[in-house]
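Below: final.csv (CSV, C-alpha atoms and all ligand atoms)
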chain,number,residue,atom,x,y,z
M,1,MET,CA,-33.0,-38.7,-17.3
M,2,LEU,CA,-33.7,-36.2,-14.4
M,3,GLU,CA,-37.2,-35.2,-13.4
M,4,LEU,CA,-38.6,-32.9,-10.7
M,5,LYS,CA,-42.3,-33.3,-9.9
M,6,ASP,CA,-44.1,-30.7,-7.9
M,7,VAL,CA,-41.0,-29.9,-5.8
M,8,HIS,CA,-41.3,-27.5,-2.9
M,9,VAL,CA,-38.5,-26.2,-0.7
M,10,VAL,CA,-39.6,-24.3,2.4
M,11,HIS,CA,-37.1,-22.9,4.9
M,12,LYS,CA,-37.6,-21.4,8.4
M,13,ALA,CA,-37.1,-17.7,8.0
M,14,ARG,CA,-34.2,-16.1,9.8
M,15,SER,CA,-33.9,-12.5,10.9
M,16,GLY,CA,-30.6,-11.3,12.5
M,17,GLY,CA,-29.5,-14.9,12.9
M,18,VAL,CA,-32.6,-15.9,14.8
M,19,PHE,CA,-35.3,-18.2,13.4
M,20,SER,CA,-38.8,-16.7,13.2
M,21,ARG,CA,-42.2,-18.4,12.8
M,22,ASP,CA,-42.3,-17.3,9.1
M,23,ARG,CA,-41.6,-19.7,6.3
M,24,VAL,CA,-39.5,-18.9,3.2
M,25,HIS,CA,-41.0,-20.4,0.0
M,26,ALA,CA,-37.7,-20.8,-1.8
M,27,LEU,CA,-39.1,-23.2,-4.5
M,28,THR,CA,-42.7,-23.9,-5.2
M,29,ALA,CA,-44.4,-26.5,-7.4
M,30,ALA,CA,-41.3,-27.0,-9.6
M,31,ASP,CA,-41.8,-29.4,-12.5
M,32,LEU,CA,-38.7,-29.9,-14.7
M,33,VAL,CA,-37.4,-32.6,-17.0
M,34,VAL,CA,-33.8,-32.6,-18.2
M,35,ALA,CA,-33.2,-34.9,-21.2
M,36,PRO,CA,-29.9,-36.6,-22.0
M,37,GLY,CA,-27.6,-34.2,-23.8
M,38,GLU,CA,-29.9,-31.2,-23.4
M,39,THR,CA,-28.8,-27.8,-22.0
M,40,VAL,CA,-31.3,-26.0,-19.9
M,41,GLY,CA,-30.6,-22.4,-18.9
M,42,VAL,CA,-32.2,-20.9,-15.8
M,43,VAL,CA,-32.7,-17.2,-15.5
M,44,GLY,CA,-34.4,-14.8,-13.0
M,45,GLU,CA,-33.7,-12.0,-10.6
M,46,SER,CA,-31.7,-12.4,-7.4
M,47,GLY,CA,-33.5,-14.4,-4.8
M,48,CYS,CA,-36.0,-16.1,-7.2
M,49,GLY,CA,-34.8,-19.6,-6.3
M,50,LYS,CA,-32.2,-20.5,-8.9
M,51,SER,CA,-29.6,-21.7,-6.4
M,52,THR,CA,-32.2,-23.7,-4.5
M,53,LEU,CA,-33.2,-25.4,-7.8
M,54,ALA,CA,-29.6,-26.2,-8.5
M,55,LYS,CA,-29.1,-27.7,-5.0
M,56,VAL,CA,-32.3,-29.8,-5.5
M,57,LEU,CA,-31.0,-31.0,-8.9
M,58,VAL,CA,-27.7,-32.3,-7.4
M,59,GLY,CA,-29.2,-33.8,-4.3
M,60,LEU,CA,-27.7,-31.2,-1.9
M,61,GLN,CA,-31.1,-29.9,-0.9
M,62,ARG,CA,-33.9,-32.3,0.2
M,63,PRO,CA,-37.3,-31.1,-1.0
M,64,THR,CA,-39.9,-30.4,1.6
M,65,SER,CA,-42.3,-32.2,-0.7
M,66,GLY,CA,-42.3,-33.5,-4.3
M,67,THR,CA,-40.0,-36.0,-6.1
M,68,VAL,CA,-36.6,-35.8,-7.7
M,69,SER,CA,-35.9,-38.8,-10.0
M,70,PHE,CA,-32.7,-39.8,-11.7
M,71,ARG,CA,-33.2,-42.4,-14.5
M,72,GLY,CA,-36.6,-43.2,-13.0
M,73,ARG,CA,-35.3,-43.8,-9.4
M,74,ASP,CA,-36.8,-41.5,-6.8
M,75,LEU,CA,-33.7,-40.1,-5.1
M,76,TRP,CA,-35.1,-39.4,-1.6
M,77,THR,CA,-36.7,-42.8,-1.1
M,78,LEU,CA,-33.3,-44.5,-1.5
M,79,LYS,CA,-30.9,-45.4,1.3
M,80,GLU,CA,-28.2,-42.8,1.9
M,81,ARG,CA,-25.5,-45.0,0.4
M,82,GLU,CA,-27.5,-45.7,-2.8
M,83,ARG,CA,-28.5,-42.0,-3.1
M,84,ARG,CA,-24.9,-40.9,-2.8
M,85,GLU,CA,-23.8,-43.5,-5.4
M,86,LEU,CA,-26.7,-42.5,-7.8
M,87,ILE,CA,-25.9,-38.8,-7.5
M,88,GLY,CA,-22.2,-39.3,-7.7
M,89,SER,CA,-22.4,-41.2,-10.9
M,90,SER,CA,-25.2,-39.1,-12.5
M,91,VAL,CA,-24.5,-35.4,-11.8
M,92,GLY,CA,-21.6,-33.0,-11.2
M,93,MET,CA,-21.8,-29.5,-9.9
M,94,ILE,CA,-19.8,-26.4,-10.7
M,95,PHE,CA,-20.2,-23.5,-8.3
M,96,GLN,CA,-19.9,-19.8,-8.8
M,97,ASP,CA,-16.6,-19.1,-7.1
M,98,PRO,CA,-13.8,-21.6,-7.5
M,99,SER,CA,-11.7,-19.8,-4.8
M,100,THR,CA,-14.2,-21.0,-2.1
M,101,ALA,CA,-15.4,-24.2,-3.8
M,102,LEU,CA,-11.9,-25.8,-3.9
M,103,ASN,CA,-10.0,-26.7,-0.7
M,104,ARG,CA,-7.0,-24.3,-0.8
M,105,ARG,CA,-4.8,-26.7,1.1
M,106,LEU,CA,-5.1,-29.6,-1.2
M,107,PRO,CA,-3.0,-29.9,-4.4
M,108,VAL,CA,-5.1,-30.2,-7.5
M,109,ARG,CA,-4.2,-33.9,-7.8
M,110,GLN,CA,-5.9,-34.5,-4.5
M,111,VAL,CA,-8.9,-32.3,-5.4
M,112,LEU,CA,-9.5,-34.5,-8.5
M,113,ARG,CA,-8.8,-37.8,-6.8
M,114,ASP,CA,-11.2,-37.1,-4.0
M,115,PRO,CA,-14.4,-38.1,-5.8
M,116,LEU,CA,-12.7,-41.2,-7.1
M,117,ASN,CA,-11.6,-42.2,-3.6
M,118,VAL,CA,-15.0,-41.5,-2.1
M,119,HIS,CA,-16.7,-43.6,-4.7
M,120,ASN,CA,-14.0,-46.2,-4.7
M,121,ARG,CA,-13.2,-46.0,-8.4
M,122,GLY,CA,-10.2,-47.9,-9.8
M,123,THR,CA,-6.8,-48.7,-8.5
M,124,ALA,CA,-4.3,-46.0,-7.4
M,125,ALA,CA,-2.7,-46.1,-10.8
M,126,GLN,CA,-6.0,-45.8,-12.6
M,127,ARG,CA,-6.9,-42.8,-10.4
M,128,GLU,CA,-3.6,-41.1,-11.3
M,129,ALA,CA,-4.3,-41.8,-15.0
M,130,ARG,CA,-7.8,-40.3,-14.6
M,131,VAL,CA,-6.3,-37.2,-13.0
M,132,ARG,CA,-4.1,-36.7,-16.0
M,133,GLU,CA,-7.0,-37.3,-18.4
M,134,LEU,CA,-9.2,-34.8,-16.5
M,135,LEU,CA,-6.5,-32.1,-16.7
M,136,GLU,CA,-6.1,-32.7,-20.4
M,137,LEU,CA,-9.9,-32.6,-20.9
M,138,VAL,CA,-10.1,-29.1,-19.4
M,139,GLY,CA,-7.0,-27.8,-21.1
M,140,LEU,CA,-4.6,-27.7,-18.2
M,141,PRO,CA,-1.0,-29.0,-18.3
M,142,ALA,CA,-0.2,-32.2,-16.4
M,143,SER,CA,2.1,-30.1,-14.1
M,144,ALA,CA,-1.1,-28.4,-12.7
M,145,ALA,CA,-1.6,-31.6,-10.6
M,146,ASP,CA,1.1,-30.5,-8.2
M,147,ALA,CA,-0.2,-26.9,-7.8
M,148,LEU,CA,-2.3,-25.6,-5.0
M,149,PRO,CA,-5.5,-23.9,-6.1
M,150,SER,CA,-4.2,-20.7,-4.6
M,151,GLN,CA,-1.2,-20.8,-7.1
M,152,LEU,CA,-3.6,-20.9,-10.1
M,153,SER,CA,-5.4,-18.0,-11.8
M,154,GLY,CA,-9.2,-17.7,-11.4
M,155,GLY,CA,-9.8,-19.2,-14.9
M,156,GLN,CA,-7.5,-22.1,-14.2
M,157,ARG,CA,-9.2,-22.8,-10.8
M,158,GLN,CA,-12.5,-22.9,-12.5
M,159,ARG,CA,-11.1,-25.4,-15.0
M,160,VAL,CA,-10.1,-27.5,-12.0
M,161,ALA,CA,-13.6,-27.2,-10.6
M,162,VAL,CA,-15.0,-28.3,-14.0
M,163,ALA,CA,-12.6,-31.3,-14.0
M,164,ARG,CA,-13.7,-32.3,-10.5
M,165,ALA,CA,-17.4,-32.1,-11.6
M,166,LEU,CA,-16.5,-34.5,-14.5
M,167,ALA,CA,-14.4,-36.9,-12.4
M,168,LEU,CA,-17.1,-39.6,-12.1
M,169,GLU,CA,-18.3,-39.2,-15.7
M,170,PRO,CA,-21.7,-37.8,-14.9
M,171,GLU,CA,-24.4,-37.5,-17.5
M,172,LEU,CA,-25.5,-34.1,-16.2
M,173,VAL,CA,-23.5,-31.1,-15.0
M,174,VAL,CA,-25.2,-28.3,-13.0
M,175,ALA,CA,-23.4,-25.0,-13.3
M,176,ASP,CA,-24.5,-22.3,-10.9
M,177,GLU,CA,-23.2,-18.9,-12.2
M,178,PRO,CA,-20.0,-20.6,-13.3
M,179,THR,CA,-18.4,-17.4,-14.7
M,180,SER,CA,-19.7,-14.6,-12.5
M,181,ALA,CA,-16.8,-14.6,-10.1
M,182,LEU,CA,-14.2,-14.6,-13.0
M,183,ASP,CA,-12.5,-11.7,-14.8
M,184,VAL,CA,-14.4,-10.7,-17.9
M,185,SER,CA,-11.4,-11.7,-20.0
M,186,VAL,CA,-11.6,-15.4,-19.0
M,187,ARG,CA,-15.4,-15.8,-19.0
M,188,ALA,CA,-15.6,-16.6,-22.7
M,189,GLN,CA,-12.9,-19.3,-22.3
M,190,ILE,CA,-14.8,-21.1,-19.6
M,191,LEU,CA,-18.1,-20.9,-21.5
M,192,ASN,CA,-16.4,-22.2,-24.6
M,193,LEU,CA,-14.9,-25.0,-22.5
M,194,LEU,CA,-18.3,-26.0,-21.3
M,195,LEU,CA,-19.8,-26.0,-24.8
M,196,ASP,CA,-16.8,-28.0,-26.1
M,197,LEU,CA,-17.2,-30.6,-23.2
M,198,LYS,CA,-20.9,-30.8,-23.7
M,199,SER,CA,-20.5,-31.8,-27.4
M,200,ARG,CA,-17.5,-34.1,-26.8
M,201,LEU,CA,-19.0,-35.9,-23.9
M,202,GLY,CA,-22.7,-35.7,-24.8
M,203,LEU,CA,-23.4,-34.1,-21.4
M,204,ALA,CA,-26.7,-32.6,-20.3
M,205,VAL,CA,-26.1,-29.2,-18.7
M,206,VAL,CA,-28.2,-27.0,-16.4
M,207,PHE,CA,-26.7,-23.6,-16.7
M,208,ILE,CA,-27.8,-20.9,-14.2
M,209,SER,CA,-27.0,-17.3,-14.8
M,210,HIS,CA,-28.1,-13.7,-14.6
M,211,ASP,CA,-26.7,-13.2,-18.0
M,212,ILE,CA,-29.6,-13.9,-20.3
M,213,GLN,CA,-27.6,-13.4,-23.5
M,214,THR,CA,-25.2,-16.1,-22.4
M,215,VAL,CA,-27.9,-18.4,-21.3
M,216,ARG,CA,-29.6,-18.1,-24.7
M,217,ARG,CA,-26.3,-18.9,-26.5
M,218,MET,CA,-25.5,-21.9,-24.3
M,219,SER,CA,-29.0,-23.5,-24.0
M,220,ASP,CA,-31.6,-25.4,-25.9
M,221,ARG,CA,-34.4,-24.3,-23.5
M,222,VAL,CA,-34.6,-21.2,-21.2
M,223,VAL,CA,-36.4,-21.6,-17.8
M,224,THR,CA,-37.6,-18.4,-16.3
M,225,MET,CA,-38.1,-18.2,-12.5
M,226,TYR,CA,-40.0,-15.7,-10.4
M,227,LEU,CA,-40.5,-15.8,-6.6
M,228,GLY,CA,-39.6,-19.5,-6.3
M,229,ARG,CA,-41.6,-20.6,-9.3
M,230,ILE,CA,-40.8,-21.7,-12.8
M,231,VAL,CA,-43.1,-19.4,-14.8
M,232,GLU,CA,-42.0,-20.4,-18.3
M,233,GLN,CA,-39.8,-22.8,-20.3
M,234,THR,CA,-39.1,-21.3,-23.7
M,235,PRO,CA,-37.1,-23.0,-26.5
M,236,ALA,CA,-33.9,-20.9,-26.9
M,237,GLN,CA,-34.7,-20.2,-30.6
M,238,SER,CA,-38.0,-18.5,-29.5
M,239,VAL,CA,-36.2,-16.1,-27.1
M,240,PRO,CA,-37.0,-13.2,-26.8
M,241,LEU,CA,-40.1,-12.4,-28.8
M,242,GLY,CA,-41.7,-15.9,-28.7
M,243,ALA,CA,-41.8,-15.9,-24.9
M,244,ARG,CA,-45.5,-15.8,-23.7
M,245,HIS,CA,-45.4,-15.0,-19.9
M,246,PRO,CA,-45.6,-11.3,-19.2
M,247,TYR,CA,-42.8,-11.6,-16.6
M,248,THR,CA,-40.4,-13.4,-19.1
M,249,ARG,CA,-41.1,-10.6,-21.6
M,250,ALA,CA,-40.4,-7.9,-19.1
M,251,LEU,CA,-37.2,-9.7,-17.9
M,252,PHE,CA,-36.0,-10.1,-21.5
M,253,SER,CA,-36.9,-6.5,-22.5
M,254,ALA,CA,-34.6,-5.3,-19.7
M,255,THR,CA,-31.6,-7.2,-21.1
M,256,PRO,CA,-29.3,-4.9,-23.1
M,257,GLY,CA,-28.8,-6.0,-26.6
M,258,LEU,CA,-31.4,-8.8,-26.6
M,259,ILE,CA,-34.2,-6.7,-28.1
M,260,SER,CA,-34.0,-3.5,-30.2
M,261,PRO,CA,-32.8,-0.6,-28.0
M,262,ILE,CA,-36.1,0.9,-26.8
M,263,ASN,CA,-37.1,1.4,-23.2
M,264,PRO,CA,-37.7,-1.9,-21.3
M,265,ILE,CA,-41.3,-2.9,-20.4
M,266,PRO,CA,-41.8,-0.9,-17.1
M,267,LEU,CA,-42.8,-3.0,-14.1
M,268,VAL,CA,-44.5,-1.4,-11.1
M,269,GLY,CA,-43.9,-2.3,-7.5
M,270,VAL,CA,-41.4,-4.8,-6.0
M,271,VAL,CA,-41.1,-8.6,-5.9
M,272,PRO,CA,-43.3,-9.7,-2.9
M,273,SER,CA,-41.6,-11.4,0.0
M,274,ALA,CA,-40.9,-15.1,-0.3
M,275,THR,CA,-42.4,-15.5,3.2
M,276,LYS,CA,-45.8,-14.3,1.9
M,277,PRO,CA,-46.1,-15.1,-1.8
M,278,PRO,CA,-49.4,-14.1,-3.5
M,279,SER,CA,-52.0,-16.7,-4.2
M,280,GLY,CA,-52.5,-17.9,-7.8
M,281,CYS,CA,-49.9,-16.4,-10.1
M,282,PRO,CA,-46.8,-15.1,-8.2
M,283,PHE,CA,-46.4,-12.3,-10.7
M,284,ARG,CA,-50.0,-11.0,-10.6
M,285,THR,CA,-49.3,-8.2,-8.1
M,286,ARG,CA,-47.0,-6.5,-10.8
M,287,CYS,CA,-48.6,-7.8,-14.0
M,288,TRP,CA,-50.4,-5.3,-16.3
M,289,ARG,CA,-52.6,-8.2,-17.7
M,290,ALA,CA,-53.7,-9.7,-14.4
M,291,ASP,CA,-57.3,-9.8,-13.2
M,292,ASP,CA,-59.2,-11.6,-10.5
M,293,ILE,CA,-58.8,-15.1,-11.9
M,294,CYS,CA,-55.0,-14.8,-11.6
M,295,ALA,CA,-55.4,-14.6,-7.8
M,296,ALA,CA,-57.2,-18.0,-7.8
M,297,GLU,CA,-55.4,-20.1,-10.5
M,298,TRP,CA,-52.0,-20.7,-12.0
M,299,PRO,CA,-52.8,-22.7,-15.1
M,300,LEU,CA,-50.2,-24.5,-17.3
M,301,ALA,CA,-50.3,-23.9,-21.0
M,302,ARG,CA,-48.3,-25.4,-23.8
M,303,ALA,CA,-47.3,-23.8,-27.1
M,304,GLU,CA,-45.0,-25.6,-29.5
M,305,ALA,CA,-43.1,-28.7,-28.3
M,306,GLY,CA,-41.0,-27.9,-25.2
M,307,HIS,CA,-42.6,-24.5,-24.6
M,308,LEU,CA,-44.6,-24.3,-21.3
M,309,PHE,CA,-45.9,-21.3,-19.5
M,310,HIS,CA,-48.1,-20.7,-16.5
M,311,CYS,CA,-50.5,-17.8,-17.4
M,312,HIS,CA,-54.1,-17.0,-17.8
M,313,HIS,CA,-53.4,-14.0,-20.0
M,314,PRO,CA,-50.2,-14.8,-22.0
M,315,VAL,CA,-48.9,-12.2,-24.5
M,316,ALA,CA,-49.2,-13.1,-28.2
M,317,ALA,CA,-46.2,-14.9,-29.7
M,318,GLY,CA,-44.1,-12.3,-31.6
M,319,ALA,CA,-45.6,-9.2,-29.9
M,320,THR,CA,-43.1,-6.5,-29.9
M,321,ASP,CA,-41.9,-4.7,-26.7
M,322,LEU,CA,-43.5,-1.5,-28.0
M,323,GLU,CA,-46.9,-3.2,-28.4
M,324,LEU,CA,-46.6,-4.5,-24.8
M,325,ILE,CA,-45.6,-1.1,-23.5
M,326,GLN,CA,-48.6,0.4,-25.3
M,327,GLU,CA,-50.9,-2.1,-23.7
M,328,ARG,CA,-50.1,-0.6,-20.3
M,329,VAL,CA,-51.1,2.9,-21.3
M,401,LIG,N1,-31.2,-21.8,4.1
M,401,LIG,C1,-32.1,-20.8,3.9
M,401,LIG,N2,-32.8,-20.4,4.9
M,401,LIG,C2,-33.8,-19.4,4.7
M,401,LIG,N3,-34.0,-18.8,3.5
M,401,LIG,C3,-33.3,-19.3,2.4
M,401,LIG,C4,-32.3,-20.3,2.6
M,401,LIG,N4,-31.8,-20.5,1.3
M,401,LIG,C5,-32.4,-19.7,0.5
M,401,LIG,N5,-33.3,-18.9,1.1
M,401,LIG,C6,-34.2,-17.9,0.6
M,401,LIG,O1,-34.9,-18.5,-0.5
M,401,LIG,C7,-35.1,-17.7,-1.6
M,401,LIG,C8,-34.4,-18.2,-2.8
M,401,LIG,O2,-33.0,-18.2,-2.6
M,401,LIG,P1,-31.9,-18.6,-3.8
M,401,LIG,O3,-30.6,-18.5,-3.2
M,401,LIG,O4,-32.3,-20.0,-4.3
M,401,LIG,O5,-32.2,-17.5,-4.9
M,401,LIG,P2,-31.3,-17.2,-6.2
M,401,LIG,O6,-32.2,-16.9,-7.3
M,401,LIG,O7,-30.2,-18.2,-6.4
M,401,LIG,O8,-30.6,-15.8,-5.7
M,401,LIG,P3,-29.1,-15.3,-6.2
M,401,LIG,O9,-29.2,-15.0,-7.7
M,401,LIG,O10,-29.0,-14.0,-5.5
M,401,LIG,O11,-28.1,-16.3,-5.8
M,401,LIG,C9,-34.5,-16.3,-1.2
M,401,LIG,O12,-35.6,-15.6,-0.6
M,401,LIG,C10,-33.5,-16.7,-0.1
M,401,LIG,O13,-33.4,-15.6,0.8

Could you express the structure from this file as structure tokens?
Ligand SMILES: Nc1ncnc2c1ncn2[C@@H]1O[C@H](COP(=O)(O)OP(=O)(O)OP(=O)(O)O)[C@@H](O)[C@H]1O
Amino acid sequence: MLELKDVHVVHKARSGGVFSRDRVHALTAADLVVAPGETVGVVGESGCGKSTLAKVLVGLQRPTSGTVSFRGRDLWTLKERERRELIGSSVGMIFQDPSTALNRRLPVRQVLRDPLNVHNRGTAAQREARVRELLELVGLPASAADALPSQLSGGQRQRVAVARALALEPELVVADEPTSALDVSVRAQILNLLLDLKSRLGLAVVFISHDIQTVRRMSDRVVTMYLGRIVEQTPAQSVPLGARHPYTRALFSATPGLISPINPIPLVGVVPSATKPPSGCPFRTRCWRADDICAAEWPLARAEAGHLFHCHHPVAAGATDLELIQERV
């Protein structure tokens, strides 16, 4: 349904508000397929390129190179009107913070009507009916249509944002950290709402989060990113011990409660700058298994169906954290 092929996003670097000659490699050689009805979780440390990937998926960021296809149509070769129509009818986006994502001065009715107006869907009466339907879908009373976003709670605002993302009946919803700006008490409600909508509407979802436990619970497949690259795609049922890329294992081992409570796999050094990523494998400067070949190549390997990883020296499936820690000694 949605496919990225060898997508790169390179920005001009800025320092103190001034552009420099450096280039930031925000996304490098990204290949990703999202099938109808599938939930793909995306994890990785801050700055690894998760939001850039999200923006590419919803057509908000034009790749520097590579292709983004919806239902076999290459998005960035289309005329602007066709591209907007294809994106509008295919994909909805839920942002991290509903307080900033929703226009505070517009009542909820207008927020939800907006995409219908822009894409010229239905008559005025049909649009009003769709607003009522959307509010019901996300568990809000019909009276919420008259409220301003500022009069709603954080959880209610995020429900409005979910409703807006669904207004044009997309097949795919991209949710970028949809609960991280919310009180802990309402996070579970929004996650359950997304799960419920996914099964009721048959939606595909790309779910981006720092919270690996939640990603595992929500997803069919977990995509791990490091320094602008997708380093592994692991079936959710194989998380954590089935992951094969050393970085994925280190990331999972640092997640409280995911693996038995022993020390996480220690990593030396820091993430290199996105303006000067290493050659070959991006993780090689910190990887205890890396050798010379990792500086030259970044091979793709496949394990079982749907499990892909880029590594010359993958860890054995099922290796325990203790075994991996002992390898380092
Ligand atoms: N418009 C831009 N101009 C320059 N650099 C950018 C721009 N957008 C993103 N970057 C850089 O690209 C890299 C990836 O950023 P991105 O926001 O995608 O990461 P992220 O994983 O979503 O981070 P976080 O979890 O903190 O939101 C970072 O080094 C970031 O500083």

Problem - Straight-line distance linking atom CA of Pro141 of chain M with atom CA of Thr39 of chain M, stated in Å to one decimal - result: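 Between atom CA of Pro141 of chain M and atom CA of Thr39 of chain M the gap is 28.1 Å.
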
Handout entry: Given 8 Å and all atoms listed in the file, residues near ligand LIG 401 (chain M) as a PyMOL selection string
Key = chain M and resi 10-14+23-27+44-54+209-210+225+227-228+273-275

Keeping C-alpha atoms for every residue in the selection just given, could you write it to a file as a short mmCIF file (atom, residue, chain, number, x, y, z; two decimals), in the frame of the given file?
data_model
loop_
_atom_site.label_atom_id
_atom_site.label_comp_id
_atom_site.auth_asym_id
_atom_site.auth_seq_id
_atom_site.Cartn_x
_atom_site.Cartn_y
_atom_site.Cartn_z
CA VAL M 10 -39.60 -24.30 2.40
CA HIS M 11 -37.10 -22.90 4.90
CA LYS M 12 -37.60 -21.40 8.40
CA ALA M 13 -37.10 -17.70 8.00
CA ARG M 14 -34.20 -16.10 9.80
CA ARG M 23 -41.60 -19.70 6.30
CA VAL M 24 -39.50 -18.90 3.20
CA HIS M 25 -41.00 -20.40 0.00
CA ALA M 26 -37.70 -20.80 -1.80
CA LEU M 27 -39.10 -23.20 -4.50
CA GLY M 44 -34.40 -14.80 -13.00
CA GLU M 45 -33.70 -12.00 -10.60
CA SER M 46 -31.70 -12.40 -7.40
CA GLY M 47 -33.50 -14.40 -4.80
CA CYS M 48 -36.00 -16.10 -7.20
CA GLY M 49 -34.80 -19.60 -6.30
CA LYS M 50 -32.20 -20.50 -8.90
CA SER M 51 -29.60 -21.70 -6.40
CA THR M 52 -32.20 -23.70 -4.50
CA LEU M 53 -33.20 -25.40 -7.80
CA ALA M 54 -29.60 -26.20 -8.50
CA SER M 209 -27.00 -17.30 -14.80
CA HIS M 210 -28.10 -13.70 -14.60
CA MET M 225 -38.10 -18.20 -12.50
CA LEU M 227 -40.50 -15.80 -6.60
CA GLY M 228 -39.60 -19.50 -6.30
CA SER M 273 -41.60 -11.40 0.00
CA ALA M 274 -40.90 -15.10 -0.30
CA THR M 275 -42.40 -15.50 3.20
#

Fill in the blank from the handout: In terms of only C-alpha atoms, the residue from M:Ala167, M:Val18, M:Leu4, M:Leu322 at minimal distance from Asp31 of chain M is M:Leu4

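Residue nearest Asp211 of chain M, chosen from M:Glu177, M:Glu297, M:Glu133, M:Asp292 and counting all atoms listed in the file: M:Glu177.
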
Handout entry: Residue with smallest distance to Tyr226 of chain M - pool M:Val173, M:Leu32, M:Ala250, M:Val7, counting all atoms listed in the file
Key =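 Smallest separation from Tyr226 of chain M among the options: M:Ala250.
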
Exercise for the section: Compile the contact shell of Gly280 of chain M as a PyMOL selection string: residues with an atom at most 7 Å away, counting only C-alpha atoms, same-chain residues fewer than 2 positions apart removed. Expected result: chain M and resi 278+282+294-298

Practice task
Figure out the distance between atom CA of Val9 of chain M and atom CA of Arg164 of chain M, please, to one decimal in Å.
Solution key: 27.4 Å

Problem - Contact residues around segment 234-237 of chain M with all atoms listed in the file at 10 Å, ignoring same-chain residues under 5 positions, as an NGL selection string - result: :M and (39-41 or 215-224 or 242-245 or 248 or 303-309)

Exercise for the section: Would you kindly return, as a list in words, each protein, DNA or RNA residue with an atom no farther than 8 Å from any atom of Leu172 of chain M, considering only C-alpha atoms and excluding same-chain residues fewer than 5 positions away? Expected result: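 The neighbour list is Pro36, Gly37, Ser90, Val91, Gly92, Leu203, Ala204, Val205 and Val206 of chain M.
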
Write out as a compact mmCIF listing (two decimals) with C-alpha atoms, keeping the file's coordinate frame each polymer residue whose atoms come within 8 Å of Met1 of chain M, counting only C-alpha atoms; drop sequence neighbours fewer than 3 positions from it.
# COMPACT_ATOMS: atom_id res chain seq x y z
CA VAL M 33 -37.40 -32.60 -17.00
CA VAL M 34 -33.80 -32.60 -18.20
CA ALA M 35 -33.20 -34.90 -21.20
CA PRO M 36 -29.90 -36.60 -22.00
CA SER M 69 -35.90 -38.80 -10.00
CA PHE M 70 -32.70 -39.80 -11.70
CA ARG M 71 -33.20 -42.40 -14.50
CA GLY M 72 -36.60 -43.20 -13.00

Could segment 200-215 of chain M be written out with C-alpha atoms, as a short mmCIF file (atom, residue, chain, number, x, y, z; two decimals), in the first residue's frame, please?
data_model
loop_
_atom_site.label_atom_id
_atom_site.label_comp_id
_atom_site.auth_asym_id
_atom_site.auth_seq_id
_atom_site.Cartn_x
_atom_site.Cartn_y
_atom_site.Cartn_z
CA ARG M 200 -12.92 -1.49 13.59
CA LEU M 201 -11.74 0.39 10.50
CA GLY M 202 -9.02 -2.00 9.29
CA LEU M 203 -6.50 0.83 9.40
CA ALA M 204 -2.79 0.47 8.86
CA VAL M 205 -0.88 2.42 11.53
CA VAL M 206 2.69 3.66 11.78
CA PHE M 207 3.25 4.24 15.46
CA ILE M 208 6.33 6.21 16.52
CA SER M 209 7.39 6.24 20.15
CA HIS M 210 10.27 6.23 22.60
CA ASP M 211 8.26 3.75 24.64
CA ILE M 212 9.35 0.36 23.36
CA GLN M 213 6.96 -1.59 25.60
CA THR M 214 4.01 0.29 24.12
CA VAL M 215 5.32 -0.08 20.58
#
